[in-house]
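Worksheet: one structure, shown below.
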Amino acid sequence: MNRWFKGLLAWIALAAAAAASEGGGTRFHKEIRPLLEQYCWDCHGDGMDKGNVTFDQFKSDAELLGNRDLWLAVLKNTRAGLMPPAKKPRPPAIEQGKLESWIKQDVFEIDPQNPDPGRVTIRRLNRTEYRNTIRDLMGIDFKADDEFPPDDTGYGFDNIGDVLTVSPLLLEKYMQAADTIVANAVPTNSLVLPEKVVNSSQFRDGEANGESLTFYKAAKVSQKFDAPHAGDYRVFVDLIVNGAFDFDPGKCQVVFAIDGEERFKKEFGWEAGKKFSFDFSEKWQPGERELAFELKPLTPPEEKKTFVNLRIDSVRVQGPLDRKHWTHPKNFDRFFGKEDPKKPEDRRKYAREILGAFARKAYRRPVDDRTVERLVAIAQDAYSKPDKTFEEGIGRAMVAVLASPRFVFRVEESAPSPAREKYPAIDEYALASRLSYFLWSTTPDAELLSLAERGRLRKSLDSQVKRMLADRRANALVENFTGQWLQVRDVDGIDINARIVVARDAPGGGEFRRRSERFRQLRDREDRPDFTPEERRELEQFREQFRRLRERPNIELDGELRRAMRRETEMSFAHVMREDRSVIELIESDYTFLNERLARHYALTNLDVKGPEMRLVNLPEDSPRGGVLTQGSMLIVTSNPTRTSPVKRGLFILENILGTPPPPPPPDVPDLEEAVREFKDREPTLREALELHRSKPLCNSCHNRMDPLGLALENFNALGMWRDKERNQPIEINGKLITGEAFSGVRGLKRIIATERRLDYYRCLTEKLLTYALGRGLEYYDVHTLDQIIARLEAEQGRFSALLMGIVESAPFQKRRNPVAGQTARTDG
């Protein structure tokens, strides 16, 4: 922990003891105003109101202390070194501590011994949480992204309670989803005819694959089926003929045989996705059976015009048909422990047992007897009807559970405590849900609920967090948090024109752009009557040149490469998380995760990375890579379709790494292209264009903060590839932060963030992860919690466990405000 930070913490601790004895207004006039007069008055006092901020115009102490937004901005800007500006004198650590102590104690009225945990809006499950919860509760994969409208986002995340509203449309979707899920997951009978399905991909022989067999090449494919008992069986065969949109004359003959005995022989011709179904009755002894298809072409390959293929959609084998061999259906043991007891009272008792356990899992807490009896009544009403089974009745009650607000919303209650306790702890069931949806984005598992039931979860917090991080379900934290914090989710949809990006920096790149513009002009005029023969010849020449250019090997930002980029970032975060490494390694590290394709894209071919598998790779000592700022995912989401964007990249670092975003741009701000057009004789580099753009007073204040950061990454083009020149000119790599630190290139920038500005990074990362964990935006009363976590990170050299345990042990995660009298967190359903 550095000396400045230690001194600051010591001063805050001493000042806190004295704060209670003096009023906030008195302390302001006695201690804080002289400090502000010395360091801030030039811009914010004596009639000066730079940024519309002034410190000497308060009409009363109440107005002074009531403007919490102002003092929160003061706290953030002085801590980040933004104020006073770099060229002005800054207060030493003791005086900074005095200011911070006054803001936290007198303006924010934070009690360090019992901090305000904040307001939490009751949260519904977002689409990801709903899908995962259904998977773990019901055993099926429900495509929530396809069935529900997109979730709104707030503070950069899609799990924020205030924006997770429920529209009439979404309410209807939940009702429909409950029916669909139960129909697909819950058996309607206790016994079913045994059935095995052999899919198309399982029929193979060498290169031949049952997913697609061309009519023009002979093929034989087969698969084995093991008959468990002697008896009668039924075999169902489904074939699909897929032809191109345009007719193809191809024909073939298909023979299906069982153990070498022909069951059908049929000729097929062109069809547009038509299905053909066959079924056969078989009497088998126990043992292995061979199911085989043979395709014989009837049309010579030279007559082929488009294509026509055969797909073995499936072969289903049912049996033995004798009921004594019937089995429990899929998922039966998940929901039912035994078969229908038949007697009415035994049925009610069994239904109460099943539905009580199910509702407890679905609601994530104990269920009162009244609720269970209502569910039993629903089940009884359904299974008592003619031709309805006990299992169908249970399914109807489960629909009611899944459609209930108590399932869709995360209901929380307080632990037993004195009635007047201002900030009671949440009960252990609510804690189990908070942990599970934070780390897994799904419902608590049996171990969490068991610990909560026994009142042991809080005492086992450390071991449970370690267990949960080791579980594969913790991948949800990796994917959902990094996907939104670092915008990795956007990688797949970013539009980057690889050809233009590469041509921009190639020798003669400016000429390429001029020729492209001339080509577009000619193409747009081609159908006009005044289009001259000379123009037509010129257009044909362009077309031939561009055709040859397209035939050259090119760099393609395809799905495979985008996935590798996304996985690189996710695996880097997961490595730090699971190995409990320093979060500084997300900024500066000597390793990354690559496969052969991504290593080649990064020109790291000397690392001998082969194959599609992503793996940990140690980088060369002089490599600029390492850390999220130099990963392809970040570099392409902060680029424009045809070029880099130092403004987007600088803004990304300010918002997501340093936590000091600039204010929104003013209206009518000129765009960068206006600055480019002022270079009449040549095409400028982006640095030159930004310097001219930044010279305009309207643009200066924000761009002085963003541009140096973004320009530090200019050695990486819009595809994330390294380059030494832009538009055939050397790239200037030197820069200076607005806080005064000078750096050279991306390695210098990473070093500054990892050392001199690490507390800013710690604070930003903590704010992001705490926001994600709590499902709400942070407020002034969260400052103390943030400070505690950051101090813990600093003391433990940035270890990820310090961040994570600091969050889950914090007051906002462990407690809640006492509900107003007459209100509860319960939601009847």
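Residues are named by chain letter and number: chains run A, B, ... in the order of the structure tokens, numbers start at 1 in each chain, and ligands are numbered from 1 in the order shown.
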Tell me which protein, DNA and RNA residues are within 12 Å of Arg600 (chain A), counting only C-alpha atoms, leaving out same-chain ones fewer than 4 positions away, and put them as a list in words.
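After dropping sequence-adjacent residues, the list is Ile555, Leu561, Ala564, Leu594, Asn595, Glu596, Leu604, Thr605, Asn606, Leu607, Asp608, Val609, Lys610, Gly611, Pro612, Gly720, Met721 and Trp722 of chain A.
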Shell of 10 Å around region 329-339 of chain A, only C-alpha atoms, local chain residues under 4 positions omitted, as an MDAnalysis selection string
chainID A and resid 137:140 184:195 350:351 353:355 357:358 390:391 394:395
Between CA of Leu375 (chain A) and CA of Ala397 (chain A), distance in Å (one decimal):
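Interatomic distance here is 5.4 Å.
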Find the residues around Asp69 (chain A) up to 8 Å (only C-alpha atoms counted), leave out those fewer than 3 positions away in its own chain, and share them as a list of chain:residue names.
A:Leu72, A:Ala73, A:Tyr780
For Met468 (chain A), find every residue with an atom within 9 Å (counting only C-alpha atoms), except residues of its own chain fewer than 5 positions away, and show them as a PyMOL selection string.
chain A and resi 435-436+439-440+463+473-474
Take the residues that were just selected and, keeping C-alpha atoms, output them as a PDB file, in the first residue's frame.
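Done, and the output landed in out_39.pdb:
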ATOM      1  CA  LEU A 435     -24.966 -15.263  -4.246  1.00  0.00           C
ATOM      2  CA  SER A 436     -26.334 -17.632  -6.847  1.00  0.00           C
ATOM      3  CA  LEU A 439     -21.979 -15.808  -9.468  1.00  0.00           C
ATOM      4  CA  TRP A 440     -24.070 -18.244 -11.531  1.00  0.00           C
ATOM      5  CA  SER A 463     -15.946 -21.791   1.390  1.00  0.00           C
ATOM      6  CA  ARG A 473     -21.904 -22.361 -13.694  1.00  0.00           C
ATOM      7  CA  ALA A 474     -19.523 -19.541 -12.710  1.00  0.00           C
TER       8      ALA A 474
END
Please determine, counting only C-alpha atoms, which residue among A:Lys224, A:Arg33, A:Arg434, A:His328 has the shortest atom-to-atom distance to Arg123 (chain A).
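Under the stated criterion, the closest residue is A:Arg434.
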Can you tell me which residues surround Glu732 (chain A) at a distance of at most 12 Å, considering only C-alpha atoms, apart from same-chain residues fewer than 2 positions away, and format the answer as a VMD selection string?
chain A and resid 685 to 688 708 711 to 715 723 to 726 729 to 730 734 to 735 743 to 746
Using the chain letters and numbers from this document, which residues of region 243-365 of chain A does DSSP assign to alpha helix (DSSP H), as a VMD selection string?
chain A and resid 332 to 335 344 to 363
For those residues, write N, CA, C and O atoms to a file as a short mmCIF file (atom, residue, chain, number, x, y, z; two decimals), in the first residue's frame.
data_model
loop_
_atom_site.label_atom_id
_atom_site.label_comp_id
_atom_site.auth_asym_id
_atom_site.auth_seq_id
_atom_site.Cartn_x
_atom_site.Cartn_y
_atom_site.Cartn_z
N PHE A 332 -38.79 -38.26 -15.32
CA PHE A 332 -39.73 -38.74 -14.30
C PHE A 332 -39.10 -38.68 -12.91
O PHE A 332 -39.72 -38.19 -11.95
N ASP A 333 -37.86 -39.14 -12.79
CA ASP A 333 -37.21 -39.18 -11.48
C ASP A 333 -36.87 -37.79 -10.96
O ASP A 333 -36.67 -37.61 -9.75
N ARG A 334 -36.80 -36.78 -11.85
CA ARG A 334 -36.56 -35.40 -11.41
C ARG A 334 -37.75 -34.88 -10.59
O ARG A 334 -37.57 -34.13 -9.62
N PHE A 335 -38.97 -35.25 -11.00
CA PHE A 335 -40.16 -34.68 -10.38
C PHE A 335 -40.92 -35.67 -9.49
O PHE A 335 -41.61 -35.26 -8.56
N PRO A 344 -57.32 -41.77 -3.18
CA PRO A 344 -57.47 -40.31 -3.09
C PRO A 344 -56.63 -39.65 -2.00
O PRO A 344 -55.93 -38.67 -2.26
N GLU A 345 -56.67 -40.17 -0.79
CA GLU A 345 -55.93 -39.53 0.28
C GLU A 345 -54.42 -39.70 0.09
O GLU A 345 -53.63 -38.78 0.36
N ASP A 346 -54.02 -40.87 -0.39
CA ASP A 346 -52.59 -41.08 -0.68
C ASP A 346 -52.13 -40.16 -1.80
O ASP A 346 -51.00 -39.66 -1.79
N ARG A 347 -53.01 -39.95 -2.78
CA ARG A 347 -52.68 -39.01 -3.87
C ARG A 347 -52.45 -37.60 -3.34
O ARG A 347 -51.49 -36.93 -3.71
N ARG A 348 -53.38 -37.12 -2.47
CA ARG A 348 -53.24 -35.76 -1.92
C ARG A 348 -51.94 -35.64 -1.12
O ARG A 348 -51.22 -34.63 -1.24
N LYS A 349 -51.63 -36.66 -0.33
CA LYS A 349 -50.41 -36.61 0.46
C LYS A 349 -49.18 -36.57 -0.45
O LYS A 349 -48.24 -35.80 -0.21
N TYR A 350 -49.20 -37.40 -1.49
CA TYR A 350 -48.06 -37.44 -2.42
C TYR A 350 -47.96 -36.13 -3.20
O TYR A 350 -46.85 -35.60 -3.41
N ALA A 351 -49.10 -35.57 -3.63
CA ALA A 351 -49.09 -34.29 -4.36
C ALA A 351 -48.53 -33.18 -3.47
O ALA A 351 -47.76 -32.32 -3.93
N ARG A 352 -48.91 -33.20 -2.17
CA ARG A 352 -48.41 -32.18 -1.24
C ARG A 352 -46.89 -32.30 -1.10
O ARG A 352 -46.17 -31.30 -1.07
N GLU A 353 -46.40 -33.52 -1.04
CA GLU A 353 -44.96 -33.75 -0.93
C GLU A 353 -44.21 -33.24 -2.16
O GLU A 353 -43.20 -32.54 -2.05
N ILE A 354 -44.72 -33.60 -3.36
CA ILE A 354 -44.06 -33.19 -4.60
C ILE A 354 -44.10 -31.68 -4.77
O ILE A 354 -43.07 -31.03 -5.03
N LEU A 355 -45.29 -31.09 -4.61
CA LEU A 355 -45.45 -29.66 -4.90
C LEU A 355 -44.82 -28.79 -3.84
O LEU A 355 -44.33 -27.69 -4.14
N GLY A 356 -44.77 -29.26 -2.60
CA GLY A 356 -44.07 -28.49 -1.57
C GLY A 356 -42.59 -28.37 -1.87
O GLY A 356 -42.00 -27.29 -1.77
N ALA A 357 -41.99 -29.51 -2.25
CA ALA A 357 -40.56 -29.50 -2.58
C ALA A 357 -40.29 -28.68 -3.84
O ALA A 357 -39.31 -27.93 -3.91
N PHE A 358 -41.16 -28.83 -4.84
CA PHE A 358 -40.96 -28.10 -6.09
C PHE A 358 -41.11 -26.60 -5.89
O PHE A 358 -40.29 -25.80 -6.39
N ALA A 359 -42.14 -26.17 -5.17
CA ALA A 359 -42.35 -24.74 -4.94
C ALA A 359 -41.20 -24.14 -4.14
O ALA A 359 -40.79 -23.00 -4.37
N ARG A 360 -40.67 -24.90 -3.18
CA ARG A 360 -39.52 -24.41 -2.41
C ARG A 360 -38.33 -24.14 -3.33
O ARG A 360 -37.65 -23.11 -3.20
N LYS A 361 -38.07 -25.04 -4.27
CA LYS A 361 -36.97 -24.81 -5.21
C LYS A 361 -37.27 -23.64 -6.14
O LYS A 361 -36.41 -22.81 -6.41
N ALA A 362 -38.50 -23.59 -6.64
CA ALA A 362 -38.85 -22.56 -7.62
C ALA A 362 -38.88 -21.17 -6.99
O ALA A 362 -38.45 -20.19 -7.60
N TYR A 363 -39.42 -21.08 -5.77
CA TYR A 363 -39.52 -19.79 -5.08
C TYR A 363 -38.24 -19.45 -4.32
O TYR A 363 -38.11 -18.37 -3.76
#
Straight-line distance linking CA of Leu239 (chain A) with CA of Leu298 (chain A), stated in Å to one decimal:
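Between CA of Leu239 (chain A) and CA of Leu298 (chain A) the gap is 18.1 Å.
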Correct to one decimal, the distance CA of Ile134 (chain A)-CA of Arg472 (chain A) is 16.7 Å
Selection: 12 Å around Gln113 (chain A), only C-alpha atoms, excl. self and same-chain fewer than 2 positions, as a PyMOL selection string:
chain A and resi 16+105+109-111+115-117+423+784-785+788+810-811
Keeping C-alpha atoms, export the residues of the selection given above as a JSON list (two decimals), in the first residue's frame.
[["chain", "number", "residue", "atom", "x", "y", "z"],
["A", 16, "ALA", "CA", -14.19, 10.44, 11.82],
["A", 105, "GLN", "CA", -19.48, 12.15, 7.37],
["A", 109, "GLU", "CA", -24.04, 11.25, 6.75],
["A", 110, "ILE", "CA", -22.45, 7.83, 6.41],
["A", 111, "ASP", "CA", -22.16, 5.78, 9.58],
["A", 115, "PRO", "CA", -23.68, 2.07, 6.43],
["A", 116, "ASP", "CA", -26.88, 2.45, 4.42],
["A", 117, "PRO", "CA", -27.22, -0.69, 2.22],
["A", 423, "TYR", "CA", -30.79, -1.86, 8.27],
["A", 784, "HIS", "CA", -17.85, 3.93, 2.24],
["A", 785, "THR", "CA", -18.42, 0.41, 0.92],
["A", 788, "GLN", "CA", -13.44, -0.48, 2.10],
["A", 810, "SER", "CA", -20.44, -5.75, 2.29],
["A", 811, "ALA", "CA", -23.49, -4.13, 3.85]]
Pick from A:Glu147, A:Lys87, A:Phe247, A:Val576 nearest to Gln176 (chain A), counting only C-alpha atoms
A:Glu147
Give me every strand (DSSP E or B) residue in region 317-461 of chain A, going by DSSP on the backbone, as a ChimeraX atom specification.
/A:317-318,327,409-410,414,425-426
Would you list the contacts of Arg523 (chain A) as a PyMOL selection string, taking every protein, DNA or RNA residue within 12 Å and counting only C-alpha atoms, but skipping same-chain residues closer than 6 positions in sequence?
chain A and resi 516-517+531+535-540+542-543
Expected file contents, prior selection, all heavy atoms, as a short mmCIF file (atom, residue, chain, number, x, y, z; two decimals), in the first residue's frame:
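Listing of part.cif after writing:
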data_model
loop_
_atom_site.label_atom_id
_atom_site.label_comp_id
_atom_site.auth_asym_id
_atom_site.auth_seq_id
_atom_site.Cartn_x
_atom_site.Cartn_y
_atom_site.Cartn_z
N SER A 516 -12.05 4.05 -55.58
CA SER A 516 -13.33 3.49 -55.14
C SER A 516 -14.45 4.51 -55.26
O SER A 516 -15.57 4.18 -55.67
CB SER A 516 -13.21 3.01 -53.68
OG SER A 516 -12.26 1.98 -53.57
N GLU A 517 -14.14 5.75 -54.92
CA GLU A 517 -15.16 6.79 -55.03
C GLU A 517 -15.52 7.04 -56.49
O GLU A 517 -16.70 7.19 -56.83
CB GLU A 517 -14.63 8.08 -54.37
CG GLU A 517 -15.60 9.25 -54.43
CD GLU A 517 -16.90 8.97 -53.71
OE1 GLU A 517 -16.90 8.21 -52.72
OE2 GLU A 517 -17.95 9.50 -54.16
N PHE A 531 -24.57 8.73 -70.27
CA PHE A 531 -23.38 7.96 -69.89
C PHE A 531 -22.56 7.69 -71.15
O PHE A 531 -23.02 7.03 -72.08
CB PHE A 531 -23.82 6.64 -69.23
CG PHE A 531 -22.71 5.93 -68.50
CD1 PHE A 531 -22.13 6.49 -67.38
CD2 PHE A 531 -22.27 4.68 -68.93
CE1 PHE A 531 -21.13 5.82 -66.69
CE2 PHE A 531 -21.27 4.01 -68.24
CZ PHE A 531 -20.70 4.59 -67.12
N GLU A 535 -16.78 6.64 -70.41
CA GLU A 535 -17.11 6.31 -69.02
C GLU A 535 -17.39 4.82 -68.88
O GLU A 535 -17.02 4.20 -67.88
CB GLU A 535 -18.31 7.13 -68.55
CG GLU A 535 -17.99 8.61 -68.33
CD GLU A 535 -19.22 9.41 -67.96
OE1 GLU A 535 -20.31 9.15 -68.52
OE2 GLU A 535 -19.10 10.31 -67.09
N ARG A 536 -18.04 4.21 -69.88
CA ARG A 536 -18.35 2.79 -69.80
C ARG A 536 -17.06 1.96 -69.82
O ARG A 536 -16.94 0.98 -69.07
CB ARG A 536 -19.28 2.38 -70.95
CG ARG A 536 -19.76 0.93 -70.84
CD ARG A 536 -20.89 0.64 -71.80
NE ARG A 536 -22.04 1.50 -71.57
CZ ARG A 536 -22.93 1.30 -70.59
NH1 ARG A 536 -22.77 0.30 -69.75
NH2 ARG A 536 -23.96 2.12 -70.46
N ARG A 537 -16.10 2.35 -70.68
CA ARG A 537 -14.83 1.63 -70.71
C ARG A 537 -14.10 1.77 -69.37
O ARG A 537 -13.52 0.80 -68.85
CB ARG A 537 -13.96 2.17 -71.85
CG ARG A 537 -14.35 1.63 -73.22
CD ARG A 537 -13.27 1.92 -74.24
NE ARG A 537 -13.09 3.35 -74.45
CZ ARG A 537 -13.78 4.09 -75.34
NH1 ARG A 537 -14.70 3.50 -76.09
NH2 ARG A 537 -13.56 5.38 -75.47
N GLU A 538 -14.15 3.00 -68.81
CA GLU A 538 -13.51 3.23 -67.51
C GLU A 538 -14.16 2.37 -66.42
O GLU A 538 -13.46 1.77 -65.58
CB GLU A 538 -13.60 4.71 -67.15
CG GLU A 538 -12.83 5.07 -65.87
CD GLU A 538 -12.97 6.55 -65.51
OE1 GLU A 538 -13.73 7.28 -66.20
OE2 GLU A 538 -12.33 6.96 -64.52
N LEU A 539 -15.49 2.27 -66.46
CA LEU A 539 -16.20 1.47 -65.47
C LEU A 539 -15.83 -0.01 -65.60
O LEU A 539 -15.61 -0.70 -64.59
CB LEU A 539 -17.72 1.66 -65.64
CG LEU A 539 -18.60 0.83 -64.69
CD1 LEU A 539 -18.32 1.18 -63.23
CD2 LEU A 539 -20.08 1.05 -65.03
N GLU A 540 -15.74 -0.53 -66.82
CA GLU A 540 -15.38 -1.93 -67.03
C GLU A 540 -13.96 -2.20 -66.55
O GLU A 540 -13.66 -3.27 -66.02
CB GLU A 540 -15.55 -2.30 -68.51
CG GLU A 540 -16.99 -2.33 -68.98
CD GLU A 540 -17.84 -3.25 -68.12
OE1 GLU A 540 -17.38 -4.36 -67.77
OE2 GLU A 540 -18.98 -2.84 -67.78
N PHE A 542 -12.46 -0.62 -64.09
CA PHE A 542 -12.56 -0.68 -62.62
C PHE A 542 -13.09 -2.04 -62.17
O PHE A 542 -12.59 -2.63 -61.21
CB PHE A 542 -13.48 0.43 -62.10
CG PHE A 542 -12.80 1.76 -61.94
CD1 PHE A 542 -13.38 2.92 -62.43
CD2 PHE A 542 -11.58 1.87 -61.28
CE1 PHE A 542 -12.77 4.14 -62.27
CE2 PHE A 542 -10.95 3.09 -61.12
CZ PHE A 542 -11.55 4.24 -61.62
N ARG A 543 -14.13 -2.52 -62.86
CA ARG A 543 -14.73 -3.80 -62.46
C ARG A 543 -13.71 -4.94 -62.57
O ARG A 543 -13.65 -5.82 -61.70
CB ARG A 543 -15.96 -4.08 -63.31
CG ARG A 543 -17.18 -3.29 -62.85
CD ARG A 543 -18.38 -3.53 -63.71
NE ARG A 543 -19.57 -2.95 -63.11
CZ ARG A 543 -20.62 -2.50 -63.79
NH1 ARG A 543 -20.63 -2.57 -65.12
NH2 ARG A 543 -21.66 -1.99 -63.16
#
Can you work out which one of A:Leu449, A:Ala470, A:Leu586, A:Val308 has the shortest atom-to-atom distance to Thr569 (chain A), counting only C-alpha atoms?
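That would be A:Leu586, the residue with the smallest distance to Thr569 (chain A).
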Option closest in space to Ser200 (chain A), from A:Arg316, A:Asp145, A:Gly455, A:Glu271 [counting only C-alpha atoms]:
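Of all the options, A:Arg316 lies closest to Ser200 (chain A).
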Which residue out of A:Arg597, A:Arg311, A:Arg131, A:Lys266 has the minimum interatomic distance to Ala208 (chain A) when only C-alpha atoms are used?
A:Arg311
